[in-house]
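J.: So here's protein_25.csv, just CSV, C-alpha atoms:
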chain,number,residue,atom,x,y,z
Y,1,MET,CA,-17.2,-45.1,91.4
Y,2,LEU,CA,-15.7,-44.8,87.9
Y,3,ARG,CA,-12.2,-45.3,89.3
Y,4,LEU,CA,-13.3,-48.5,91.1
Y,5,GLU,CA,-14.8,-49.9,87.8
Y,6,ILE,CA,-11.5,-49.1,86.0
Y,7,ARG,CA,-9.5,-50.8,88.7
Y,8,LEU,CA,-11.8,-53.8,88.5
Y,9,VAL,CA,-11.4,-54.0,84.7
Y,10,VAL,CA,-7.6,-53.7,84.9
Y,11,PHE,CA,-7.5,-56.4,87.6
Y,12,LEU,CA,-9.7,-58.8,85.6
Y,13,ALA,CA,-7.6,-58.2,82.4
Y,14,ALA,CA,-4.4,-58.9,84.3
Y,15,LEU,CA,-5.9,-62.0,85.8
Y,16,ALA,CA,-6.9,-63.2,82.4
Y,17,LEU,CA,-3.5,-62.6,81.0
Y,18,LEU,CA,-1.8,-64.5,83.8
Y,19,PHE,CA,-4.2,-67.4,83.2
Y,20,LEU,CA,-3.4,-67.5,79.5
Y,21,LEU,CA,0.3,-67.5,80.2
Y,22,ALA,CA,0.1,-70.3,82.7
Y,23,VAL,CA,-2.5,-72.5,81.1
Y,24,GLU,CA,-1.6,-75.5,79.0
Y,25,TRP,CA,-4.0,-75.9,76.1
Y,26,SER,CA,-5.6,-79.1,74.9
Y,27,VAL,CA,-5.4,-80.7,71.4
Y,28,ASP,CA,-7.7,-83.6,70.6
Y,29,GLY,CA,-8.1,-84.4,74.3
Y,30,ARG,CA,-4.3,-84.4,75.0
Y,31,ARG,CA,-2.5,-81.6,76.9
Y,32,TYR,CA,0.4,-79.8,75.4
Y,33,GLY,CA,2.3,-76.9,76.9
Y,34,PRO,CA,3.7,-73.7,75.3
Y,35,ALA,CA,7.3,-73.6,74.1
Y,36,LEU,CA,9.8,-74.3,76.9
Y,37,SER,CA,12.5,-72.0,78.1
Y,38,ASP,CA,15.8,-72.4,80.0
Y,39,GLY,CA,14.1,-71.3,83.2
Y,40,ASP,CA,11.4,-74.1,83.2
Y,41,SER,CA,11.7,-76.7,85.9
Y,42,PRO,CA,12.9,-80.2,85.0
Y,43,ARG,CA,9.5,-81.5,86.2
Y,44,ARG,CA,7.6,-79.2,83.8
Y,45,ARG,CA,9.9,-79.9,80.9
Y,46,SER,CA,9.5,-83.6,81.5
Y,47,ALA,CA,5.7,-83.4,81.7
Y,48,THR,CA,5.5,-81.3,78.5
Y,49,TYR,CA,7.7,-83.7,76.4
Y,50,ARG,CA,5.9,-86.7,77.9
Y,51,SER,CA,2.7,-85.2,76.5
Y,52,ALA,CA,4.3,-85.2,73.1
Y,53,GLY,CA,4.8,-88.9,73.4
Y,54,ILE,CA,8.6,-89.1,73.8
Y,55,VAL,CA,8.6,-91.5,76.8
Y,56,SER,CA,6.8,-94.7,76.3
Y,57,THR,CA,5.5,-96.8,79.1
Y,58,LYS,CA,6.8,-99.8,77.2
Y,59,THR,CA,10.5,-98.8,77.4
Y,60,PRO,CA,12.7,-101.4,79.0
Y,61,ASN,CA,14.2,-99.4,81.8
Y,62,LYS,CA,11.2,-97.9,83.7
Y,63,LYS,CA,13.5,-96.6,86.5
Y,64,ARG,CA,15.4,-94.4,84.0
Y,65,GLN,CA,12.2,-93.4,82.4
Y,66,LYS,CA,10.7,-92.2,85.7
Y,67,ASN,CA,13.7,-90.2,86.7
Y,68,TYR,CA,14.4,-88.7,83.3
Y,69,SER,CA,14.1,-84.9,82.8
Y,70,PHE,CA,14.3,-82.9,79.6
Y,71,ASP,CA,16.6,-80.0,78.9
Y,72,PRO,CA,15.7,-77.6,76.1
Y,73,LEU,CA,18.2,-76.8,73.4
Y,74,PRO,CA,19.8,-73.4,73.6
Y,75,SER,CA,18.3,-71.0,71.1
Y,76,ASN,CA,21.6,-70.6,69.3
Y,77,VAL,CA,21.7,-74.4,68.7
Y,78,VAL,CA,18.1,-74.4,67.4
Y,79,GLU,CA,19.1,-71.6,65.0
Y,80,SER,CA,22.2,-73.6,63.9
Y,81,VAL,CA,20.0,-76.4,62.3
Y,82,ASP,CA,20.1,-76.0,58.6
Y,83,GLY,CA,18.6,-79.4,57.4
Y,84,PHE,CA,15.9,-81.8,58.4
Y,85,LEU,CA,15.9,-85.6,57.7
Y,86,PHE,CA,13.4,-88.4,57.9
Y,87,PHE,CA,13.4,-92.0,56.6
Y,88,VAL,CA,11.1,-93.8,54.2
Y,89,GLY,CA,11.0,-97.5,53.3
Y,90,TYR,CA,10.4,-100.9,54.7
Y,91,ALA,CA,10.9,-102.7,58.0
Y,92,ARG,CA,14.0,-104.8,58.4
Y,93,SER,CA,15.7,-103.1,55.5
Y,94,GLY,CA,18.7,-101.5,57.3
Y,95,HIS,CA,17.3,-98.0,58.2
Y,96,SER,CA,18.2,-98.5,61.9
Y,97,ILE,CA,21.9,-98.9,61.4
Y,98,VAL,CA,22.2,-96.0,59.0
Y,99,ALA,CA,20.2,-93.8,61.4
Y,100,SER,CA,22.3,-94.9,64.4
Y,101,PHE,CA,25.5,-93.9,62.7
Y,102,LEU,CA,24.0,-90.5,61.7
Y,103,ASP,CA,22.9,-89.9,65.3
Y,104,ALA,CA,26.5,-90.7,66.4
Y,105,HIS,CA,27.7,-87.8,64.3
Y,106,PRO,CA,28.7,-84.8,66.5
Y,107,ASN,CA,26.4,-82.4,64.6
Y,108,VAL,CA,23.5,-84.7,63.7
Y,109,VAL,CA,20.5,-85.7,65.8
Y,110,ILE,CA,18.2,-88.5,64.7
Y,111,ALA,CA,15.4,-89.6,67.0
Y,112,HIS,CA,14.9,-93.3,67.3
Y,113,GLU,CA,11.4,-94.4,66.1
Y,114,TYR,CA,9.6,-91.3,67.3
Y,115,ALA,CA,7.1,-91.7,64.4
Y,116,LEU,CA,6.9,-88.0,63.7
Y,117,PHE,CA,4.6,-88.3,60.7
Y,118,ASN,CA,2.1,-90.5,62.6
Y,119,ARG,CA,1.9,-88.1,65.5
Y,120,TRP,CA,1.7,-85.1,63.2
Y,121,ALA,CA,-1.1,-86.6,61.2
Y,122,GLU,CA,-3.1,-87.5,64.3
Y,123,THR,CA,-2.6,-84.0,66.0
Y,124,PRO,CA,-1.7,-81.4,63.4
Y,125,ASP,CA,-1.6,-78.5,65.9
Y,126,LEU,CA,1.1,-80.3,68.0
Y,127,PHE,CA,4.1,-79.3,65.8
Y,128,ASN,CA,2.7,-77.0,63.1
Y,129,ASN,CA,4.6,-73.7,63.1
Y,130,ARG,CA,6.4,-74.7,66.4
Y,131,ARG,CA,9.9,-75.1,65.1
Y,132,GLU,CA,11.7,-74.8,68.5
Y,133,PHE,CA,9.3,-77.3,70.1
Y,134,LEU,CA,9.7,-79.7,67.1
Y,135,PHE,CA,13.5,-79.7,67.3
Y,136,ASN,CA,13.5,-80.0,71.1
Y,137,THR,CA,11.1,-82.9,70.9
Y,138,LEU,CA,13.3,-84.9,68.5
Y,139,PHE,CA,16.5,-84.1,70.3
Y,140,ASN,CA,15.1,-85.2,73.6
Y,141,SER,CA,13.7,-88.4,72.0
Y,142,SER,CA,17.2,-89.2,70.7
Y,143,HIS,CA,18.7,-88.3,74.1
Y,144,PHE,CA,16.3,-90.5,76.0
Y,145,SER,CA,16.8,-93.4,73.6
Y,146,ALA,CA,20.6,-93.3,74.3
Y,147,GLN,CA,20.1,-92.9,78.1
Y,148,ALA,CA,17.6,-95.7,78.3
Y,149,GLY,CA,19.6,-98.1,76.2
Y,150,LEU,CA,17.0,-98.5,73.4
Y,151,ARG,CA,19.6,-99.1,70.8
Y,152,GLN,CA,21.4,-101.8,72.7
Y,153,GLY,CA,21.3,-105.4,71.6
Y,154,LYS,CA,19.8,-106.6,74.9
Y,155,GLY,CA,16.9,-105.3,76.9
Y,156,GLY,CA,16.2,-102.4,74.5
Y,157,ILE,CA,15.0,-103.0,71.0
Y,158,LYS,CA,16.1,-106.6,71.5
Y,159,LYS,CA,18.1,-107.0,68.3
Y,160,LYS,CA,19.5,-110.5,68.1
Y,161,GLY,CA,23.3,-110.7,67.7
Y,162,TYR,CA,24.2,-107.0,67.3
Y,163,SER,CA,23.7,-103.6,68.9
Y,164,LEU,CA,22.9,-100.2,67.4
Y,165,GLU,CA,24.7,-98.4,70.1
Y,166,VAL,CA,28.0,-96.6,69.3
Y,167,PRO,CA,29.9,-96.1,72.5
Y,168,SER,CA,32.0,-92.9,73.0
Y,169,TRP,CA,30.4,-91.1,70.2
Y,170,TYR,CA,27.4,-88.6,70.1
Y,171,GLN,CA,24.2,-90.7,70.1
Y,172,GLY,CA,21.7,-88.7,72.0
Y,173,THR,CA,23.9,-85.6,72.2
Y,174,TYR,CA,25.9,-83.2,70.0
Y,175,GLU,CA,29.0,-81.0,70.1
Y,176,GLY,CA,29.0,-77.3,69.3
Y,177,GLY,CA,25.8,-77.2,67.3
Y,178,ILE,CA,23.3,-79.3,65.3
Y,179,THR,CA,23.5,-79.2,61.5
Y,180,MET,CA,20.9,-81.9,60.8
Y,181,ILE,CA,18.0,-83.1,62.8
Y,182,GLY,CA,15.3,-85.6,62.1
Y,183,ASP,CA,13.5,-88.9,62.9
Y,184,LYS,CA,14.0,-92.5,61.9
Y,185,ALA,CA,10.7,-94.4,61.4
Y,186,GLY,CA,10.8,-95.5,57.8
Y,187,GLY,CA,8.1,-98.2,57.8
Y,188,MET,CA,5.7,-96.1,59.9
Y,189,THR,CA,6.2,-93.1,57.7
Y,190,ALA,CA,5.2,-95.1,54.7
Y,191,GLN,CA,2.1,-96.4,56.5
Y,192,VAL,CA,0.8,-92.8,56.9
Y,193,TYR,CA,1.0,-92.4,53.1
Y,194,ARG,CA,-0.8,-95.7,52.5
Y,195,ARG,CA,-3.6,-94.8,54.9
Y,196,ASN,CA,-4.2,-91.3,53.5
Y,197,LYS,CA,-2.1,-89.9,50.7
Y,198,ASP,CA,-3.5,-86.4,51.0
Y,199,LYS,CA,-2.9,-86.2,54.7
Y,200,PHE,CA,0.7,-87.3,54.2
Y,201,VAL,CA,1.4,-84.6,51.6
Y,202,SER,CA,-0.3,-82.1,53.9
Y,203,VAL,CA,2.0,-83.1,56.9
Y,204,TYR,CA,5.0,-83.1,54.6
Y,205,ARG,CA,4.3,-79.5,53.5
Y,206,GLN,CA,3.6,-78.4,57.1
Y,207,LEU,CA,6.9,-80.0,58.1
Y,208,CYS,CA,8.8,-78.2,55.4
Y,209,SER,CA,7.2,-74.9,56.4
Y,210,THR,CA,7.8,-75.4,60.2
Y,211,ALA,CA,11.3,-76.6,59.9
Y,212,GLY,CA,12.2,-73.7,57.6
Y,213,VAL,CA,15.2,-75.6,56.2
Y,214,PRO,CA,15.8,-78.1,53.4
Y,215,VAL,CA,14.0,-81.4,54.1
Y,216,TYR,CA,15.6,-84.7,53.0
Y,217,ALA,CA,14.3,-88.3,52.9
Y,218,ILE,CA,16.6,-91.3,53.2
Y,219,HIS,CA,15.4,-94.5,51.4
Y,220,VAL,CA,17.3,-97.7,52.3
Y,221,VAL,CA,16.8,-100.6,49.9
Y,222,ARG,CA,17.8,-104.2,50.7
Y,223,ASN,CA,17.8,-107.2,48.5
Y,224,PRO,CA,14.0,-108.0,48.3
Y,225,TYR,CA,14.6,-111.7,48.9
Y,226,ASP,CA,16.5,-111.0,52.1
Y,227,ASN,CA,14.1,-108.3,53.2
Y,228,ILE,CA,11.1,-110.5,52.7
Y,229,ALA,CA,12.7,-113.4,54.4
Y,230,THR,CA,13.8,-111.3,57.4
Y,231,MET,CA,10.2,-109.9,57.7
Y,232,LEU,CA,8.8,-113.4,57.7
Y,233,LEU,CA,11.3,-114.7,60.3
Y,234,TYR,CA,10.9,-111.6,62.5
Y,235,ASN,CA,7.1,-111.7,62.4
Y,236,ASP,CA,7.1,-115.5,63.2
Y,237,HIS,CA,9.7,-115.2,65.9
Y,238,VAL,CA,11.8,-118.0,64.5
Y,239,LYS,CA,15.1,-116.6,63.5
Y,240,GLN,CA,17.1,-118.1,66.3
Y,241,THR,CA,15.9,-121.6,65.4
Y,242,THR,CA,16.9,-121.6,61.7
Y,243,ASN,CA,20.1,-122.1,59.7
Y,244,VAL,CA,21.0,-122.9,56.1
Y,245,THR,CA,20.6,-126.6,56.8
Y,246,HIS,CA,17.3,-126.5,58.6
Y,247,LYS,CA,15.4,-123.8,56.8
Y,248,TYR,CA,12.1,-122.3,58.0
Y,249,ARG,CA,9.1,-123.4,55.9
Y,250,ASN,CA,5.8,-121.6,55.8
Y,251,ILE,CA,4.9,-121.2,52.2
Y,252,ASP,CA,1.5,-119.5,52.8
Y,253,ALA,CA,3.0,-116.9,55.1
Y,254,LEU,CA,5.9,-116.3,52.7
Y,255,ARG,CA,3.5,-115.8,49.8
Y,256,LYS,CA,1.6,-113.2,51.9
Y,257,GLN,CA,4.8,-111.5,53.0
Y,258,ILE,CA,5.9,-111.2,49.3
Y,259,LYS,CA,2.7,-109.5,48.5
Y,260,ALA,CA,2.9,-107.2,51.5
Y,261,TYR,CA,6.5,-106.2,50.7
Y,262,PHE,CA,5.8,-105.1,47.1
Y,263,VAL,CA,2.7,-103.2,48.2
Y,264,GLN,CA,5.1,-101.3,50.4
Y,265,VAL,CA,7.6,-100.8,47.6
Y,266,GLU,CA,4.9,-99.4,45.3
Y,267,SER,CA,3.6,-97.2,48.0
Y,268,VAL,CA,7.1,-95.8,48.9
Y,269,LEU,CA,8.0,-95.1,45.3
Y,270,ASP,CA,4.7,-93.4,44.6
Y,271,MET,CA,5.1,-91.4,47.8
Y,272,MET,CA,8.5,-90.1,46.7
Y,273,LYS,CA,7.1,-89.1,43.3
Y,274,GLN,CA,3.8,-87.6,44.4
Y,275,ALA,CA,5.2,-85.6,47.4
Y,276,GLY,CA,8.3,-84.6,45.4
Y,277,LEU,CA,10.7,-85.8,48.2
Y,278,ASN,CA,14.3,-84.8,48.1
Y,279,ASP,CA,15.4,-88.4,48.6
Y,280,ILE,CA,18.7,-90.1,49.1
Y,281,THR,CA,18.7,-93.8,48.2
Y,282,ILE,CA,21.1,-96.2,50.0
Y,283,HIS,CA,21.4,-99.8,48.9
Y,284,HIS,CA,22.1,-101.9,52.0
Y,285,SER,CA,24.5,-104.2,50.2
Y,286,SER,CA,26.6,-101.2,49.0
Y,287,PHE,CA,26.7,-99.8,52.5
Y,288,VAL,CA,28.0,-103.1,54.0
Y,289,LYS,CA,30.6,-103.4,51.2
Y,290,ASN,CA,31.8,-99.8,51.4
Y,291,PRO,CA,30.5,-98.2,54.6
Y,292,LYS,CA,33.0,-95.3,54.5
Y,293,GLY,CA,32.3,-94.4,50.9
Y,294,THR,CA,28.5,-94.7,51.3
Y,295,MET,CA,28.4,-92.6,54.4
Y,296,GLN,CA,30.6,-90.0,52.8
Y,297,ARG,CA,28.1,-89.8,49.9
Y,298,VAL,CA,25.2,-89.4,52.4
Y,299,CYS,CA,27.1,-86.7,54.3
Y,300,ASN,CA,27.8,-84.9,51.0
Y,301,SER,CA,24.2,-85.1,50.0
Y,302,LEU,CA,23.2,-83.6,53.4
Y,303,SER,CA,25.9,-81.0,53.4
Y,304,VAL,CA,27.3,-82.4,56.6
Y,305,THR,CA,31.0,-82.5,57.2
Y,306,CYS,CA,32.3,-86.0,58.1
Y,307,SER,CA,35.8,-86.4,59.7
Y,308,GLU,CA,38.0,-89.3,58.9
Y,309,SER,CA,37.7,-90.6,62.4
Y,310,TYR,CA,33.9,-90.6,62.1
Y,311,LEU,CA,34.0,-92.5,58.8
Y,312,GLN,CA,36.4,-95.0,60.4
Y,313,MET,CA,34.0,-95.5,63.3
Y,314,VAL,CA,31.3,-96.3,60.8
Y,315,ALA,CA,33.5,-98.8,59.0
Y,316,GLU,CA,34.5,-100.5,62.3
Y,317,HIS,CA,30.9,-100.9,63.5
Y,318,THR,CA,29.4,-102.1,60.2
Y,319,PHE,CA,28.8,-105.8,59.7
Y,320,SER,CA,31.7,-107.5,57.9
Y,321,ASN,CA,29.2,-109.4,55.7
Y,322,GLU,CA,25.6,-108.7,54.6
Y,323,SER,CA,23.0,-111.0,56.2
Y,324,GLN,CA,21.6,-113.3,53.5
Y,325,SER,CA,18.5,-114.3,55.4
Y,326,ARG,CA,16.9,-115.6,52.1
Y,327,HIS,CA,18.9,-118.8,52.7
Y,328,LEU,CA,17.2,-119.4,56.0
Y,329,VAL,CA,13.8,-119.7,54.4
Y,330,GLU,CA,12.5,-122.4,52.1
Y,331,TRP,CA,11.4,-121.0,48.8
Y,332,THR,CA,9.4,-122.7,46.0
Y,333,PRO,CA,10.5,-122.0,42.4
Y,334,GLU,CA,7.1,-120.4,41.9
Y,335,LEU,CA,7.7,-117.8,44.7
Y,336,VAL,CA,11.2,-117.0,43.5
Y,337,LYS,CA,9.8,-116.3,40.1
Y,338,THR,CA,7.0,-114.1,41.7
Y,339,VAL,CA,9.6,-112.0,43.4
Y,340,GLU,CA,11.7,-111.9,40.2
Y,341,ALA,CA,8.7,-110.6,38.2
Y,342,ASN,CA,7.9,-107.9,40.7
Y,343,ILE,CA,11.6,-106.8,40.8
Y,344,ALA,CA,11.5,-106.3,37.0
Y,345,LYS,CA,8.7,-103.7,37.5
Y,346,HIS,CA,10.9,-101.4,39.6
Y,347,PRO,CA,14.2,-100.2,38.1
Y,348,ILE,CA,15.6,-99.4,41.6
Y,349,LEU,CA,15.5,-103.2,42.3
Y,350,LYS,CA,16.6,-104.5,39.0
Y,351,HIS,CA,20.1,-105.6,40.0
Y,352,TYR,CA,18.9,-107.9,42.8
Y,353,LYS,CA,19.0,-111.6,42.4
Y,354,PHE,CA,18.1,-114.7,44.5
Y,355,LYS,CA,21.6,-116.2,44.2
Rewrite the coordinates I just gave you, this time as structure tokens.

T.:
Amino acid sequence: MLRLEIRLVVFLAALALLFLLAVEWSVDGRRYGPALSDGDSPRRRSATYRSAGIVSTKTPNKKRQKNYSFDPLPSNVVESVDGFLFFVGYARSGHSIVASFLDAHPNVVIAHEYALFNRWAETPDLFNNRREFLFNTLFNSSHFSAQAGLRQGKGGIKKKGYSLEVPSWYQGTYEGGITMIGDKAGGMTAQVYRRNKDKFVSVYRQLCSTAGVPVYAIHVVRNPYDNIATMLLYNDHVKQTTNVTHKYRNIDALRKQIKAYFVQVESVLDMMKQAGLNDITIHHSSFVKNPKGTMQRVCNSLSVTCSESYLQMVAEHTFSNESQSRHLVEWTPELVKTVEANIAKHPILKHYKFK
């Protein structure tokens, strides 16, 4: 009788162990699986990363999305990562092109608009202390963006007049190993801070602890007049109908956009100070004028080696002239002075002028 009871206990314990190994646990009502291994099926890998929000139902190529499967990074590649990077700043400021060039580097992976801080703030247990899962998630987000054409000028992010895709380079992939990994979602990252400063600082500290490597923040700054004008034109969907002769006029909307922009500026600068971010500031105008020199400085700050061919690629794919969208919008003297007065409050913007 005693032997039967012992066998029953052992059987139940083994059954419970198998259940714990097989089950996927739930966080805030959403399902997330354990860390993936090389032996996991493509279907299971895909389902697990879909639960992390990599694949959006709004992506342009639903056929590619349906057939896409995720491959985990080899453990030695995960171990090769020695830096983490995210973006902070403002919409329409030039983050996307900088991130696209970095993602094209053979040893850098930058996810396109994964919104890591937003997701981490909503479900803290998703990534906390799960380094391998974090890096795999960002890599597969970058890979899917490249495969689905999300950086292309048409059908993807719908940029007008240019593409963020760099053919024949390493967007969505890598060569040999990954030195730097991260996410590009500058405006959304700043929104997390504006909504809840304490939560942002908490997520940032968890990120630093989980990544286990130095964490950097890239801050791209554009001429405020151009940034504000582009925000206005983009939000009102009128950019294609404007030119320097027939300027877009919406004074009330422009006034609101000016206010919104400087709220973002103050929030971002406060965030960098309060969280003690290791930030790298890039002025968009300097990048356009000297793309090779600017990217070399960024690579040096990140301890990433940049070949001459890589820097030449950056130079060849950068716009020949900076877009001065401020001249596509009608400004009143009052609003120009309003921006001028706000610029004077922030040393990082002090050299920017309307003309």

J.: Pick from Y:Val203, Y:Leu134, Y:Ile251, Y:Ala185: nearest to Pro333 (chain Y), with all atoms listed in the file counted?

T.: Y:Ile251

J.: Pull the closest atom pair for each residue of region 146-245 of chain Y that gets at most 9 Å from region 100-123 of chain Y, along with the distance in Å to one decimal, counting all atoms listed in the file, ordering rows by chain and then ascending residue number, as a Markdown table.

T.:
| residue | atom | partner | partner_atom | distance |
| --- | --- | --- | --- | --- |
| Y:Leu150 | CA | Y:His112 | CA | 8.3 |
| Y:Arg151 | CA | Y:Ser100 | CA | 8.1 |
| Y:Leu164 | CA | Y:Ser100 | CA | 6.1 |
| Y:Glu165 | CA | Y:Ser100 | CA | 7.1 |
| Y:Val166 | CA | Y:Ala104 | CA | 6.7 |
| Y:Pro167 | CA | Y:Ala104 | CA | 8.8 |
| Y:Ser168 | CA | Y:Ala104 | CA | 8.9 |
| Y:Trp169 | CA | Y:Ala104 | CA | 5.5 |
| Y:Tyr170 | CA | Y:Ala104 | CA | 4.3 |
| Y:Gln171 | CA | Y:Ala104 | CA | 4.4 |
| Y:Gly172 | CA | Y:Asp103 | CA | 6.9 |
| Y:Thr173 | CA | Y:Val109 | CA | 7.2 |
| Y:Tyr174 | CA | Y:Pro106 | CA | 4.8 |
| Y:Glu175 | CA | Y:Pro106 | CA | 5.2 |
| Y:Gly176 | CA | Y:Asn107 | CA | 7.4 |
| Y:Gly177 | CA | Y:Asn107 | CA | 5.9 |
| Y:Ile178 | CA | Y:Asn107 | CA | 4.4 |
| Y:Thr179 | CA | Y:Asn107 | CA | 5.3 |
| Y:Met180 | CA | Y:Val108 | CA | 4.8 |
| Y:Ile181 | CA | Y:Val109 | CA | 4.7 |
| Y:Gly182 | CA | Y:Ile110 | CA | 4.9 |
| Y:Asp183 | CA | Y:Ala111 | CA | 4.6 |
| Y:Lys184 | CA | Y:Glu113 | CA | 5.3 |
| Y:Ala185 | CA | Y:Glu113 | CA | 4.8 |
| Y:Gly186 | CA | Y:Glu113 | CA | 8.4 |
| Y:Met188 | CA | Y:Ala115 | CA | 6.4 |
| Y:Thr189 | CA | Y:Phe117 | CA | 5.9 |
| Y:Gln191 | CA | Y:Asn118 | CA | 8.5 |
| Y:Val192 | CA | Y:Asn118 | CA | 6.3 |
| Y:Lys199 | CA | Y:Ala121 | CA | 6.8 |
| Y:Phe200 | CA | Y:Ala121 | CA | 7.3 |
| Y:Ser202 | CA | Y:Ala121 | CA | 8.6 |
| Y:Val203 | CA | Y:Ala121 | CA | 6.4 |
| Y:Tyr204 | CA | Y:Phe117 | CA | 8.0 |
| Y:Leu207 | CA | Y:Trp120 | CA | 8.9 |

J.: Just to be explicit: take each residue in the selection above, keep C-alpha atoms, and write the result as a short mmCIF file (atom, residue, chain, number, x, y, z; two decimals), in the coordinates of the input.

T.:
data_model
loop_
_atom_site.label_atom_id
_atom_site.label_comp_id
_atom_site.auth_asym_id
_atom_site.auth_seq_id
_atom_site.Cartn_x
_atom_site.Cartn_y
_atom_site.Cartn_z
CA LEU Y 150 17.00 -98.50 73.40
CA ARG Y 151 19.60 -99.10 70.80
CA LEU Y 164 22.90 -100.20 67.40
CA GLU Y 165 24.70 -98.40 70.10
CA VAL Y 166 28.00 -96.60 69.30
CA PRO Y 167 29.90 -96.10 72.50
CA SER Y 168 32.00 -92.90 73.00
CA TRP Y 169 30.40 -91.10 70.20
CA TYR Y 170 27.40 -88.60 70.10
CA GLN Y 171 24.20 -90.70 70.10
CA GLY Y 172 21.70 -88.70 72.00
CA THR Y 173 23.90 -85.60 72.20
CA TYR Y 174 25.90 -83.20 70.00
CA GLU Y 175 29.00 -81.00 70.10
CA GLY Y 176 29.00 -77.30 69.30
CA GLY Y 177 25.80 -77.20 67.30
CA ILE Y 178 23.30 -79.30 65.30
CA THR Y 179 23.50 -79.20 61.50
CA MET Y 180 20.90 -81.90 60.80
CA ILE Y 181 18.00 -83.10 62.80
CA GLY Y 182 15.30 -85.60 62.10
CA ASP Y 183 13.50 -88.90 62.90
CA LYS Y 184 14.00 -92.50 61.90
CA ALA Y 185 10.70 -94.40 61.40
CA GLY Y 186 10.80 -95.50 57.80
CA MET Y 188 5.70 -96.10 59.90
CA THR Y 189 6.20 -93.10 57.70
CA GLN Y 191 2.10 -96.40 56.50
CA VAL Y 192 0.80 -92.80 56.90
CA LYS Y 199 -2.90 -86.20 54.70
CA PHE Y 200 0.70 -87.30 54.20
CA SER Y 202 -0.30 -82.10 53.90
CA VAL Y 203 2.00 -83.10 56.90
CA TYR Y 204 5.00 -83.10 54.60
CA LEU Y 207 6.90 -80.00 58.10
#

J.: Would you please work out which residue, of Y:Ala275, Y:Leu269, Y:Cys306, Y:Ile280, is nearest to Pro347 (chain Y) when using only C-alpha atoms?

T.: Y:Leu269

J.: When distances are computed from all atoms listed in the file, which of Y:Asp252, Y:Glu322, Y:Asp226, Y:Glu316 shows the smallest separation from Arg92 (chain Y)?

T.: Y:Asp226

J.: So how many Å separate CA of Pro224 (chain Y) and CA of Met272 (chain Y), to one decimal?

T.: 18.8 Å

J.: Using CA of Arg222 (chain Y) and CA of His317 (chain Y) as the two end points, give the distance in Å to one decimal.

T.: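 Answer for the CA of Arg222 (chain Y) to CA of His317 (chain Y) separation: 18.6 Å.
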
J.: Provide the CA of Asn129 (chain Y) to CA of Val215 (chain Y) distance in Å, to one decimal place.

T.: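 CA of Val215 (chain Y) lies at a distance of 15.1 Å from CA of Asn129 (chain Y).
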
J.: Might you pull out every residue within 12 Å of Ser301 (chain Y), with only C-alpha atoms counted and same-chain residues fewer than 3 positions away left off, and present them as a ChimeraX atom specification?

T.: /Y:83,85,180,214-218,278-282,294-298,304-306

J.: Which is closest to Gly187 (chain Y) among Y:Ser96, Y:Ser320, Y:Ser285, Y:Asn342, if we use all atoms listed in the file?

T.: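 Distance minimum relative to Gly187 (chain Y) lands on Y:Ser96.
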
J.: List every protein, DNA or RNA residue that has at least one atom no more than 12 Å from (19.2, -71.7, 69.5) in the file's coordinates, counting all atoms listed in the file, and write the result as a ChimeraX atom specification.

T.: /Y:37-38,72-82,131-133,135-136,176-179

J.: Please determine, counting only C-alpha atoms, which residue among Y:Gln147, Y:Thr210, Y:Glu330, Y:Asn227 has the shortest atom-to-atom distance to Asp125 (chain Y).

T.: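 Using only C-alpha atoms, Asp125 (chain Y) sits closest to Y:Thr210.
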
J.: Draw an axis-aligned box over all listed atoms of region 298-305 of chain Y, pad each side with 5 Å, and write its centre and edge lengths in Å, one decimal, as lines of an AutoDock Vina configuration file.

T.:
center_x = 27.1
center_y = -85.2
center_z = 53.6
size_x = 17.8
size_y = 18.4
size_z = 17.2

J.: Rank nothing, just name the residue among Y:Leu349, Y:Phe84, Y:Arg194, Y:Phe144 nearest to Ser303 (chain Y), using only C-alpha atoms.

T.: Y:Phe84
